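One file, data-v4.cif, is given below (mmCIF, C-alpha atoms).
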data_protein
loop_
_atom_site.label_atom_id
_atom_site.label_comp_id
_atom_site.auth_asym_id
_atom_site.auth_seq_id
_atom_site.Cartn_x
_atom_site.Cartn_y
_atom_site.Cartn_z
CA MET E 1 0.00 0.00 0.00
CA LYS E 2 1.03 3.59 -0.60
CA PRO E 3 2.00 5.94 2.26
CA GLU E 4 -1.35 7.74 2.21
CA THR E 5 -3.11 4.43 2.93
CA LEU E 6 -0.54 3.08 5.39
CA ALA E 7 -0.82 6.26 7.48
CA VAL E 8 -4.53 5.57 7.96
CA HIS E 9 -4.79 1.79 8.17
CA SER E 10 -1.52 0.08 9.11
CA GLY E 11 -0.64 -1.23 12.56
CA PHE E 12 -4.20 -1.74 13.79
CA ALA E 13 -7.04 -3.86 12.40
CA GLY E 14 -9.76 -2.82 14.84
CA ASP E 15 -10.49 -3.84 18.41
CA SER E 16 -11.88 -7.39 18.45
CA GLY E 17 -13.70 -6.90 21.73
CA SER E 18 -15.55 -3.64 21.11
CA GLY E 19 -15.33 -3.20 17.34
CA ALA E 20 -13.65 0.19 17.79
CA THR E 21 -11.84 1.37 14.66
CA ALA E 22 -9.75 3.97 16.49
CA VAL E 23 -6.81 2.64 18.48
CA PRO E 24 -7.92 2.45 22.13
CA ILE E 25 -5.94 4.42 24.71
CA CYS E 26 -4.50 1.85 27.12
CA GLN E 27 -3.88 4.20 30.04
CA SER E 28 -2.30 1.61 32.30
CA VAL E 29 1.08 1.47 34.01
CA SER E 30 1.31 -2.32 34.30
CA TYR E 31 -0.45 -5.54 33.28
CA ALA E 32 -1.70 -8.43 35.45
CA TYR E 33 -1.13 -12.16 34.89
CA LYS E 34 -3.03 -15.08 36.44
CA THR E 35 0.00 -16.99 37.70
CA ALA E 36 3.52 -16.24 38.83
CA GLN E 37 4.85 -18.52 36.08
CA ASP E 38 2.92 -16.61 33.38
CA LEU E 39 4.55 -13.33 34.38
CA ALA E 40 7.97 -15.00 34.72
CA ASN E 41 7.61 -16.36 31.18
CA VAL E 42 6.97 -12.87 29.79
CA PHE E 43 9.92 -11.42 31.69
CA ALA E 44 12.17 -14.17 30.32
CA GLY E 45 10.93 -13.70 26.77
CA ARG E 46 9.41 -17.19 26.62
CA ALA E 47 5.93 -15.75 26.03
CA PRO E 48 4.65 -12.52 24.50
CA GLY E 49 2.96 -9.96 26.67
CA TYR E 50 3.06 -6.53 28.29
CA ILE E 51 4.82 -5.95 31.60
CA TYR E 52 5.14 -2.22 32.23
CA THR E 53 4.34 0.77 30.01
CA ARG E 54 7.92 2.02 30.34
CA ILE E 55 8.86 -0.97 28.15
CA ALA E 56 5.78 -1.43 25.96
CA ASN E 57 2.12 -0.44 25.80
CA PRO E 58 -0.68 -1.58 23.44
CA THR E 59 -1.48 1.93 22.19
CA THR E 60 2.19 2.65 21.61
CA THR E 61 2.64 -0.73 19.88
CA ALA E 62 0.08 0.32 17.26
CA LEU E 63 1.97 3.58 16.69
CA GLU E 64 5.26 1.72 16.37
CA ALA E 65 3.79 -0.70 13.84
CA ARG E 66 2.40 2.16 11.75
CA LEU E 67 5.66 4.12 11.77
CA SER E 68 7.62 0.99 10.86
CA ARG E 69 5.35 0.32 7.89
CA LEU E 70 5.60 3.94 6.73
CA GLU E 71 9.41 3.80 6.84
CA ASP E 72 9.43 0.25 5.41
CA GLY E 73 11.48 -0.84 8.42
CA ILE E 74 11.73 -4.10 10.29
CA GLY E 75 10.51 -2.51 13.52
CA ALA E 76 10.17 0.72 15.48
CA ILE E 77 10.32 2.00 19.04
CA ALA E 78 8.33 5.09 20.05
CA THR E 79 9.97 7.43 22.56
CA SER E 80 8.99 10.34 24.78
CA SER E 81 10.56 12.93 22.43
CA GLY E 82 12.76 13.27 19.38
CA MET E 83 15.74 13.96 21.64
CA ALA E 84 14.96 10.77 23.58
CA ALA E 85 15.06 8.86 20.29
CA ILE E 86 18.46 10.28 19.32
CA ALA E 87 19.88 9.86 22.83
CA SER E 88 18.67 6.25 22.98
CA VAL E 89 20.22 5.35 19.62
CA VAL E 90 23.56 6.94 20.41
CA THR E 91 23.68 5.57 23.97
CA GLY E 92 23.06 2.10 22.58
CA LEU E 93 25.90 2.33 20.05
CA VAL E 94 28.78 4.29 21.59
CA ARG E 95 31.12 3.85 24.54
CA SER E 96 33.70 6.11 26.13
CA GLY E 97 36.47 6.81 23.62
CA ASP E 98 34.23 6.34 20.58
CA ARG E 99 33.62 8.91 17.86
CA ILE E 100 30.48 10.25 16.16
CA LEU E 101 30.50 12.02 12.79
CA THR E 102 27.70 14.54 12.40
CA ALA E 103 26.61 17.20 9.93
CA ALA E 104 26.93 20.90 10.66
CA GLY E 105 23.69 22.88 10.60
CA ILE E 106 21.48 20.35 12.38
CA PHE E 107 19.07 20.99 15.26
CA GLY E 108 20.73 22.80 18.17
CA GLY E 109 19.43 20.32 20.75
CA THR E 110 21.15 17.48 18.93
CA VAL E 111 24.38 19.48 18.74
CA SER E 112 24.19 20.09 22.50
CA LEU E 113 23.61 16.39 23.18
CA PHE E 114 26.66 15.43 21.15
CA GLU E 115 29.04 18.18 22.23
CA ASN E 116 27.98 19.02 25.77
CA THR E 117 26.43 15.87 27.24
CA LEU E 118 28.15 12.95 25.48
CA SER E 119 31.53 14.65 25.75
CA ARG E 120 31.23 14.32 29.55
CA PHE E 121 31.35 10.55 29.04
CA GLY E 122 34.35 10.57 26.72
CA VAL E 123 32.53 10.46 23.38
CA GLU E 124 34.08 12.61 20.65
CA THR E 125 31.94 14.38 18.05
CA VAL E 126 33.40 15.53 14.74
CA THR E 127 31.25 18.07 12.87
CA ILE E 128 31.44 18.06 9.07
CA ASP E 129 29.74 19.96 6.25
CA GLY E 130 26.70 17.78 5.65
CA THR E 131 27.09 17.94 1.89
CA ASP E 132 30.80 17.02 1.83
CA THR E 133 30.67 13.24 1.52
CA ASP E 134 34.43 12.98 0.98
CA ALA E 135 35.06 14.77 4.29
CA PHE E 136 32.91 12.20 6.10
CA ALA E 137 34.89 9.37 4.51
CA ALA E 138 38.20 11.00 5.44
CA ALA E 139 37.16 11.51 9.08
CA ILE E 140 36.37 7.85 9.78
CA ASN E 141 38.81 6.00 12.01
CA ASP E 142 38.72 2.81 14.08
CA LYS E 143 36.83 4.62 16.86
CA THR E 144 34.02 5.92 14.63
CA ARG E 145 30.72 4.25 15.47
CA LEU E 146 28.10 6.12 13.44
CA ILE E 147 27.32 8.92 11.01
CA PHE E 148 24.40 11.21 11.90
CA VAL E 149 22.66 13.60 9.47
CA GLU E 150 19.25 15.18 8.88
CA THR E 151 17.42 14.82 5.56
CA ILE E 152 17.22 18.62 5.46
CA GLY E 153 19.51 20.44 7.87
CA ASN E 154 17.55 22.46 10.41
CA PRO E 155 18.24 25.38 10.16
CA ARG E 156 21.01 25.28 7.54
CA MET E 157 18.53 23.88 4.98
CA ASP E 158 21.19 21.82 3.21
CA VAL E 159 20.47 18.37 1.76
CA PRO E 160 23.08 15.63 2.25
CA ASP E 161 23.74 13.05 -0.45
CA LEU E 162 22.18 10.14 1.43
CA PRO E 163 23.01 7.41 -1.11
CA ALA E 164 26.68 8.46 -1.14
CA LEU E 165 26.81 8.68 2.66
CA GLY E 166 25.18 5.27 2.86
CA ARG E 167 27.96 3.81 0.72
CA VAL E 168 30.62 5.46 2.91
CA ALA E 169 29.02 4.06 6.07
CA ARG E 170 28.62 0.60 4.54
CA GLU E 171 32.26 0.47 3.49
CA ALA E 172 33.32 1.47 7.01
CA GLY E 173 30.99 -1.06 8.62
CA ILE E 174 29.13 1.55 10.68
CA PRO E 175 25.45 2.61 10.62
CA LEU E 176 24.13 5.74 8.95
CA VAL E 177 21.57 7.36 11.28
CA VAL E 178 19.18 9.80 9.59
CA ASP E 179 16.77 12.24 11.25
CA ASN E 180 13.70 12.29 8.99
CA THR E 181 11.68 14.78 11.06
CA VAL E 182 11.52 17.63 8.54
CA THR E 183 10.65 15.50 5.51
CA THR E 184 8.71 12.59 7.11
CA PRO E 185 8.30 9.18 5.42
CA TYR E 186 5.73 10.73 3.11
CA LEU E 187 8.47 12.60 1.22
CA ILE E 188 11.34 10.13 1.69
CA ARG E 189 12.10 6.76 3.22
CA PRO E 190 15.79 7.15 4.09
CA GLY E 191 16.21 3.39 4.30
CA GLU E 192 15.69 3.21 0.54
CA HIS E 193 18.70 5.48 0.13
CA GLY E 194 21.20 3.83 2.46
CA ALA E 195 20.10 4.77 5.99
CA ASP E 196 20.35 2.06 8.64
CA ILE E 197 18.45 3.78 11.45
CA VAL E 198 15.83 6.51 11.09
CA VAL E 199 14.80 8.79 13.93
CA HIS E 200 11.90 11.22 14.24
CA SER E 201 10.62 13.93 16.45
CA THR E 202 6.99 12.91 16.04
CA SER E 203 6.05 16.14 17.85
CA LYS E 204 6.43 17.91 14.51
CA PHE E 205 4.78 17.05 11.18
CA ILE E 206 3.72 13.55 12.26
CA ASN E 207 1.60 14.93 15.09
CA GLY E 208 0.85 18.05 13.07
CA HIS E 209 -1.13 19.94 15.68
CA GLY E 210 1.33 20.87 18.42
CA THR E 211 -0.54 18.76 20.98
CA ALA E 212 1.96 16.08 22.03
CA ILE E 213 5.68 15.44 22.45
CA GLY E 214 7.09 12.22 21.04
CA GLY E 215 9.82 10.54 19.04
CA ALA E 216 10.60 7.32 17.23
CA ILE E 217 13.44 4.99 16.24
CA VAL E 218 13.10 2.79 13.15
CA ASP E 219 15.51 0.02 12.12
CA THR E 220 15.43 -0.13 8.31
CA GLY E 221 16.92 -3.63 8.20
CA ASN E 222 19.90 -2.51 6.14
CA TYR E 223 22.64 -2.98 8.73
CA ASP E 224 23.93 -6.49 9.49
CA TRP E 225 23.95 -6.47 13.28
CA ARG E 226 25.18 -10.08 13.32
CA ASN E 227 28.50 -8.94 11.86
CA GLY E 228 28.57 -5.28 12.89
CA ALA E 229 30.93 -3.17 14.94
CA PHE E 230 29.06 -3.62 18.25
CA GLU E 231 30.08 -6.62 20.34
CA ASP E 232 27.11 -6.65 22.71
CA ILE E 233 24.62 -6.43 19.84
CA ARG E 234 26.50 -9.13 17.88
CA GLU E 235 26.13 -11.42 20.89
CA LEU E 236 22.43 -10.68 21.14
CA ALA E 237 22.04 -11.37 17.41
CA LYS E 238 22.85 -15.03 18.03
CA ARG E 239 19.35 -15.27 19.49
CA THR E 240 17.46 -12.46 17.77
CA GLY E 241 19.10 -12.25 14.33
CA ASN E 242 18.85 -8.90 12.61
CA PHE E 243 16.33 -7.69 15.20
CA ALA E 244 19.23 -7.46 17.65
CA PHE E 245 19.46 -3.66 17.65
CA LEU E 246 15.75 -3.28 18.39
CA ALA E 247 15.98 -5.95 21.10
CA HIS E 248 19.01 -4.19 22.62
CA GLN E 249 17.17 -0.88 22.57
CA ARG E 250 13.92 -2.24 24.00
CA ASN E 251 15.34 -4.50 26.70
CA VAL E 252 18.37 -2.47 27.80
CA ILE E 253 18.56 1.19 26.69
CA TYR E 254 14.84 2.00 26.46
CA ARG E 255 14.06 0.07 29.63
CA ASP E 256 16.90 1.57 31.65
CA LEU E 257 16.65 5.20 30.51
CA GLY E 258 12.85 5.33 30.70
CA GLY E 259 12.23 7.39 27.58
CA CYS E 260 8.76 5.99 26.84
CA PRO E 261 5.82 8.05 25.56
CA ALA E 262 2.58 8.46 27.48
CA PRO E 263 -0.18 6.31 25.94
CA MET E 264 -2.29 9.42 25.33
CA ASN E 265 0.57 10.95 23.34
CA SER E 266 0.88 7.78 21.24
CA PHE E 267 -2.85 8.07 20.52
CA LEU E 268 -2.44 11.70 19.43
CA MET E 269 0.43 10.72 17.11
CA LEU E 270 -1.80 8.09 15.50
CA GLN E 271 -4.49 10.71 14.95
CA GLY E 272 -1.97 13.05 13.36
CA LEU E 273 -0.57 10.34 11.07
CA GLU E 274 -3.96 9.83 9.43
CA THR E 275 -3.76 13.27 7.80
CA LEU E 276 0.02 13.34 7.24
CA ALA E 277 -0.13 13.01 3.45
CA ALA E 278 -2.73 15.74 2.96
CA ARG E 279 -0.93 18.10 5.34
CA MET E 280 2.53 17.55 3.87
CA ASP E 281 1.27 18.27 0.37
CA ARG E 282 -0.18 21.56 1.63
CA HIS E 283 2.91 22.42 3.72
CA CYS E 284 5.16 21.89 0.70
CA ASP E 285 2.95 23.82 -1.71
CA ASN E 286 2.62 26.78 0.64
CA ALA E 287 6.34 26.79 1.49
CA LEU E 288 7.37 26.87 -2.16
CA LYS E 289 4.96 29.73 -2.90
CA LEU E 290 6.15 31.69 0.12
CA ALA E 291 9.82 31.08 -0.73
CA ARG E 292 9.24 32.36 -4.27
CA PHE E 293 7.43 35.43 -2.94
CA LEU E 294 10.16 36.23 -0.42
CA ASN E 295 12.89 35.54 -2.98
CA GLN E 296 11.52 38.34 -5.14
CA HIS E 297 10.79 40.77 -2.31
CA PRO E 298 13.04 43.88 -2.44
CA ASP E 299 13.30 44.13 1.35
CA VAL E 300 14.38 40.51 1.91
CA SER E 301 18.14 39.89 1.99
CA TRP E 302 18.04 36.17 1.22
CA VAL E 303 15.85 33.06 1.29
CA ASN E 304 16.99 29.52 1.97
CA TYR E 305 14.59 26.82 0.79
CA PRO E 306 15.90 23.69 -0.95
CA GLY E 307 12.81 23.44 -3.14
CA LEU E 308 13.50 26.78 -4.86
CA GLU E 309 14.49 26.42 -8.48
CA ASP E 310 17.73 28.35 -7.94
CA SER E 311 18.74 26.44 -4.79
CA GLU E 312 21.94 24.42 -5.07
CA TYR E 313 19.99 21.53 -3.50
CA ASN E 314 17.05 21.58 -5.91
CA GLY E 315 18.41 18.66 -7.92
CA ARG E 316 18.76 16.55 -4.79
CA VAL E 317 15.24 17.53 -3.72
CA ASN E 318 13.98 16.27 -7.08
CA GLU E 319 16.00 13.06 -6.76
CA LEU E 320 15.26 12.20 -3.12
CA PHE E 321 12.03 13.98 -2.15
CA GLY E 322 10.01 13.77 -5.34
CA GLY E 323 10.49 17.47 -6.03
CA ARG E 324 8.94 18.63 -2.74
CA GLY E 325 11.19 20.72 -0.52
CA GLY E 326 9.34 20.34 2.78
CA GLY E 327 7.53 22.90 4.91
CA LEU E 328 10.51 24.69 6.46
CA LEU E 329 12.47 27.71 5.20
CA THR E 330 14.71 30.46 6.54
CA VAL E 331 14.75 34.11 5.53
CA GLY E 332 17.21 36.95 6.13
CA LEU E 333 15.90 40.43 6.93
CA GLY E 334 19.09 42.47 7.08
CA ASP E 335 19.79 42.58 10.81
CA LYS E 336 18.53 41.34 14.17
CA ASP E 337 16.41 44.41 14.92
CA THR E 338 14.53 44.11 11.63
CA ALA E 339 14.04 40.38 12.19
CA TYR E 340 12.61 41.08 15.65
CA LYS E 341 10.27 43.78 14.37
CA PHE E 342 9.11 41.49 11.56
CA ILE E 343 8.26 38.74 14.06
CA ASP E 344 6.51 41.19 16.38
CA SER E 345 4.42 42.53 13.48
CA LEU E 346 3.05 39.18 12.33
CA LYS E 347 -0.65 38.71 13.03
CA LEU E 348 -1.36 35.24 11.66
CA ALA E 349 1.95 33.43 12.19
CA THR E 350 2.89 32.46 15.74
CA ASN E 351 6.28 33.06 17.40
CA LEU E 352 7.26 29.87 19.24
CA ALA E 353 9.84 27.06 19.49
CA ASN E 354 8.31 24.34 17.35
CA LEU E 355 7.84 23.36 13.71
CA GLY E 356 5.55 21.10 11.72
CA ASP E 357 2.32 22.50 13.15
CA ALA E 358 -0.76 23.03 10.97
CA LYS E 359 -0.30 26.72 11.84
CA THR E 360 2.49 28.88 10.40
CA LEU E 361 5.22 29.33 13.01
CA VAL E 362 8.28 31.60 13.19
CA ILE E 363 11.30 31.89 15.46
CA HIS E 364 14.55 33.85 15.67
CA PRO E 365 17.04 30.95 16.00
CA ALA E 366 20.15 32.89 17.06
CA SER E 367 18.53 34.25 20.21
CA THR E 368 16.45 31.20 21.13
CA ILE E 369 17.22 27.59 20.22
CA PHE E 370 20.86 28.46 19.38
CA HIS E 371 21.37 31.11 22.07
CA GLU E 372 24.08 29.12 23.88
CA PHE E 373 26.43 29.12 20.86
CA ASN E 374 28.84 31.96 20.07
CA SER E 375 29.17 33.71 16.70
CA ASP E 376 32.08 31.52 15.59
CA GLU E 377 30.00 28.41 16.23
CA LEU E 378 26.82 29.77 14.64
CA GLY E 379 28.39 30.41 11.23
CA PRO E 380 28.98 26.76 10.28
CA MET E 381 25.52 25.93 11.59
CA GLY E 382 23.99 28.34 9.10
CA VAL E 383 22.60 30.64 11.79
CA SER E 384 22.85 34.42 11.48
CA GLY E 385 21.46 37.32 13.49
CA ASP E 386 19.08 38.39 10.72
CA MET E 387 17.63 34.90 10.24
CA VAL E 388 14.00 34.00 10.86
CA ARG E 389 13.00 30.35 10.56
CA VAL E 390 9.53 29.76 9.15
CA SER E 391 7.50 26.58 9.47
CA VAL E 392 4.87 27.16 6.81
CA GLY E 393 1.39 26.03 7.82
CA ILE E 394 -1.62 24.77 5.91
CA GLU E 395 -3.66 27.98 6.03
CA ALA E 396 -4.84 29.59 2.78
CA TYR E 397 -1.63 30.69 1.09
CA GLU E 398 -3.02 34.15 0.28
CA ASP E 399 -3.49 34.83 4.00
CA ILE E 400 0.07 33.73 4.80
CA GLU E 401 1.52 35.97 2.10
CA ALA E 402 -0.58 38.95 3.19
CA ASP E 403 0.62 38.53 6.77
CA PHE E 404 4.27 38.38 5.71
CA GLN E 405 3.84 41.31 3.37
CA GLN E 406 2.46 43.62 6.06
CA ALA E 407 5.01 42.43 8.65
CA ILE E 408 7.95 43.11 6.32
CA ALA E 409 6.54 46.56 5.53
CA ALA E 410 6.16 47.32 9.24
CA ALA E 411 9.71 46.13 10.00
CA VAL E 412 11.23 48.20 7.21
CA GLU E 413 9.26 51.29 8.22
CA GLU E 414 10.46 50.92 11.82
CA GLN E 415 14.10 51.02 10.65
CA LYS E 416 13.71 54.26 8.64
#
Encoded form (C-alpha cells):
Amino acid sequence: MKPETLAVHSGFAGDSGSGATAVPICQSVSYAYKTAQDLANVFAGRAPGYIYTRIANPTTTALEARLSRLEDGIGAIATSSGMAAIASVVTGLVRSGDRILTAAGIFGGTVSLFENTLSRFGVETVTIDGTDTDAFAAAINDKTRLIFVETIGNPRMDVPDLPALGRVAREAGIPLVVDNTVTTPYLIRPGEHGADIVVHSTSKFINGHGTAIGGAIVDTGNYDWRNGAFEDIRELAKRTGNFAFLAHQRNVIYRDLGGCPAPMNSFLMLQGLETLAARMDRHCDNALKLARFLNQHPDVSWVNYPGLEDSEYNGRVNELFGGRGGGLLTVGLGDKDTAYKFIDSLKLATNLANLGDAKTLVIHPASTIFHEFNSDELGPMGVSGDMVRVSVGIEAYEDIEADFQQAIAAAVEEQK
C-alpha cells in the first residue's frame, strides 16, 4: 500500500472486543497475569505480553507498527521525544572513547547532546559539512561508530547526499543514522537510500497539531547487526538475528533510561498520522509559494529553501524527495532588529519554538534555540542574526503571504 493508505490503516485492524476502529488508549502502568509462572515467562521472553508501560504499551505498539510500515522498516520503538530517540540510539551504540561524525547545521538540541552531554562521558563528536561526503569518509577511524545527518539540515537547509553517505558508512561497517523529522516518510524513506536507522521527532509534522511530544526509532533492516561493529549487539544477534538492535534498545537502553511516551501521546500521534499526506502536500505547496514570494521581495536579503528552483539543492530535492522541498524555510531580513520587528508585526503566524504545526510558526534561532552558541559556532551551523526560521502552515496561502507582506513593511518602516 502507498504511504497515504498506510498512514490511515496500518498497525491496527480494529479492536476485536468492542469493534472500535480507532486505536484504544490503554492508560495503564502495568499488566496483570493469572499466575507467577505466566509473568515469569513474559519477563524471560518465553511468552509474548506486556509488563510495564515504560517498556511497551498496546497503544504505543500500534503507533510503532504504523511508523515501521511507513518507513518500510523491520521494527520501530516510540519514545517520549525526538531527543529521547536520538539519545537512545547513540547511547546504545557508543562507549567512552568512541567517535560520532555529524553534519553541521542540524538541530541545536542534537548538537548540545553530542558536544555538551556525550563529551562528559568521553565520546568525541566531529562536525562536518553535511554535503561534503568525501570529508565524512576521510574523518572515519577505528573509533568511529556512526554517522548522523538530517534529511534537510535544520536550520542550515542543506540536503546531504544520502546514497553516497550510505555507501561510505557501509564500506566502514558503521550505521548511517538519519533524522527524517523535517521530511517525514511521506516525502522520503531514508532506508531506501542507504540509511540504517531513522529517527523522528513525532512532535512535529507527524503529530501536526502541536498537541503532544514524542519521538521514534526505526531500524530499516539494512545494517547487518550479526556482523557489525558492536560486540554486545553481535552477541544478542545469536538469538534475535537482525532484530538485535531493536531488542538491545527495547530491553536495555529503552528500559533503563525510561524514555517511553505516554499512551495518550501515542494516541495523538496516531491521529496526526492519518492526515500526514494531505498536510505535507499543503505544507510543501505553501512553502514553495512563500519562498518564491520572499525571494523576489526587495526588502528581503536572502531566502533559503531547498525546493527553490535556484537552490543548489534543488536537484537533490527532485532526486530524493520527489520534487517537494518540505515545509521549512529560513529568511534573512538584514539585521537582528529588523528580524525582531518582523516577528513582532506578524498577526497570523505564531512566534514559538516548534515546527511542523498546521499553523504557520516563526522563530529567531540565534537568540532562542541556538542562544548558547557563540558567533564563531553559529556560522557553520547556518545561523545568522538576521535569520527567521519559518515553518509554513496549511492555512490559505493568500493569507500567509498577506501577513508576511504587512510584517515586512512594518519592520522596514520601523528602521527608517
Please put the answer as lines of an AutoDock Vina configuration file: centre and edge lengths, in Å with one decimal, of a box along x, y and z that encloses all listed atoms of segment 218-222 of chain E plus 3 Å on each side.
center_x = 16.5
center_y = -0.4
center_z = 9.6
size_x = 12.8
size_y = 12.4
size_z = 13.0
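Minimum distance to Val29 of chain E across E:Ala138, E:Gly228, E:Asp196, E:Cys260 (counting all atoms listed in the file) occurs at E:Cys260.
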Exercise. Within 6 Å of segment 350-353 of chain E, counting all atoms listed in the file, which residues show up once you throw out same-chain ones fewer than 5 positions away? Write them as a list in words, please.
Key: Leu361, Val362 and Ile363 of chain E
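The residues caught by the PyMOL selection byres ((chain E and resi 366) around 9) in this file are His364, Pro365, Ser367, Thr368, Ile369, Phe370, His371, Glu372, Phe373, Leu378, Val383, Ser384, Gly385, Asp386, Met387 and Val388 of chain E.
Atom CA of Gly356 of chain E is positioned 7.6 Å from atom CA of Val182 of chain E.
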Quiz item: How far is it from atom CA of Gly258 of chain E to atom CA of Ser30 of chain E, in Å with one decimal?
Solution: 14.3 Å
Practice problem: Evaluate the PyMOL selection byres ((chain E and resi 28) around 12) on the structure here and hand back the selected residues as a PyMOL selection string. | Solution: chain E and resi 24-27+29-32+50-54+56-60+262-264
Exercise. Name the residues captured by the PyMOL selection byres ((chain E and resi 295) around 12) when it is applied to the shown file; answer as a ChimeraX atom specification.
Key: /E:287-294,296-305,308-311,329-333
Here's a test: counting all atoms listed in the file, identify every protein, DNA and RNA residue with an atom at most 6 Å from (18.0, 9.9, 8.0) in the file's coordinate frame, and state them as a compact mmCIF listing (two decimals) with C-alpha atoms, in the coordinates of the input.
# COMPACT_ATOMS: atom_id res chain seq x y z
CA GLU E 150 19.25 15.18 8.88
CA THR E 151 17.42 14.82 5.56
CA VAL E 177 21.57 7.36 11.28
CA VAL E 178 19.18 9.80 9.59
CA ASP E 179 16.77 12.24 11.25
CA ASN E 180 13.70 12.29 8.99
CA PRO E 190 15.79 7.15 4.09
CA ALA E 195 20.10 4.77 5.99
CA VAL E 198 15.83 6.51 11.09
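If you measure from each of E:Leu187, E:Ile206, E:Leu118, E:Ile217 to Leu270 of chain E using only C-alpha atoms, the closest one turns out to be E:Ile206.
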So that I can see what lies close to Val317 of chain E, please list as an mmCIF file with C-alpha atoms, in the coordinates of the input the residues with an atom at most 10 Å from it, counting only C-alpha atoms and leaving out residues fewer than 3 positions away in the same chain.
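Contents of the output file result19.cif:
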data_model
loop_
_atom_site.group_PDB
_atom_site.id
_atom_site.type_symbol
_atom_site.label_atom_id
_atom_site.label_comp_id
_atom_site.auth_asym_id
_atom_site.auth_seq_id
_atom_site.Cartn_x
_atom_site.Cartn_y
_atom_site.Cartn_z
ATOM 1 C CA THR E 151 17.420 14.820 5.560
ATOM 2 C CA ILE E 152 17.220 18.620 5.460
ATOM 3 C CA VAL E 159 20.470 18.370 1.760
ATOM 4 C CA LEU E 187 8.470 12.600 1.220
ATOM 5 C CA ILE E 188 11.340 10.130 1.690
ATOM 6 C CA PRO E 306 15.900 23.690 -0.950
ATOM 7 C CA GLY E 307 12.810 23.440 -3.140
ATOM 8 C CA LEU E 308 13.500 26.780 -4.860
ATOM 9 C CA SER E 311 18.740 26.440 -4.790
ATOM 10 C CA GLU E 312 21.940 24.420 -5.070
ATOM 11 C CA TYR E 313 19.990 21.530 -3.500
ATOM 12 C CA ASN E 314 17.050 21.580 -5.910
ATOM 13 C CA LEU E 320 15.260 12.200 -3.120
ATOM 14 C CA PHE E 321 12.030 13.980 -2.150
ATOM 15 C CA GLY E 322 10.010 13.770 -5.340
ATOM 16 C CA GLY E 323 10.490 17.470 -6.030
ATOM 17 C CA ARG E 324 8.940 18.630 -2.740
ATOM 18 C CA GLY E 325 11.190 20.720 -0.520
ATOM 19 C CA GLY E 326 9.340 20.340 2.780
#
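Here the question is which of E:Gly109, E:Leu176, E:Lys2, E:Thr91 gets nearest to Asn154 of chain E using all atoms listed in the file, and that residue is E:Gly109.
Distances from E:Thr35, E:Ser10, E:Gln406, E:Asn116 to Leu346 of chain E were compared using all atoms listed in the file, and the smallest one belongs to E:Gln406.
Counting from atom CA of Ala216 of chain E, the distance to atom CA of Leu67 of chain E is 8.0 Å.
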Quiz item: Do you know which residues are at most 9 Å from segment 131-135 of chain E counting all atoms listed in the file, after dropping those on the same chain fewer than 4 positions away, and could you put them as number ranges by chain?
Solution: E: 103, 139-140, 158-161, 164-165, 168
Let's have the selection written as a compact mmCIF listing (two decimals), keeping the file's coordinate frame, with C-alpha atoms.
# COMPACT_ATOMS: atom_id res chain seq x y z
CA ALA E 103 26.61 17.20 9.93
CA ALA E 139 37.16 11.51 9.08
CA ILE E 140 36.37 7.85 9.78
CA ASP E 158 21.19 21.82 3.21
CA VAL E 159 20.47 18.37 1.76
CA PRO E 160 23.08 15.63 2.25
CA ASP E 161 23.74 13.05 -0.45
CA ALA E 164 26.68 8.46 -1.14
CA LEU E 165 26.81 8.68 2.66
CA VAL E 168 30.62 5.46 2.91
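Residue nearest His193 of chain E, chosen from E:Gln271, E:Val89, E:Glu319, E:Met83 and counting all atoms listed in the file: E:Glu319.
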Quiz item: Between E:Gly97, E:Pro380, E:Gly393, E:Gly75, which one has atoms that come closest to Ile128 of chain E, using all atoms listed in the file?
Solution: E:Pro380
Practice problem: Pull the neighbourhood of (-0.9, 10.7, 0.2) for me: all residues within 6 Å in file coordinates, counting all atoms listed in the file, as a PyMOL selection string. | Solution: chain E and resi 3-4+277
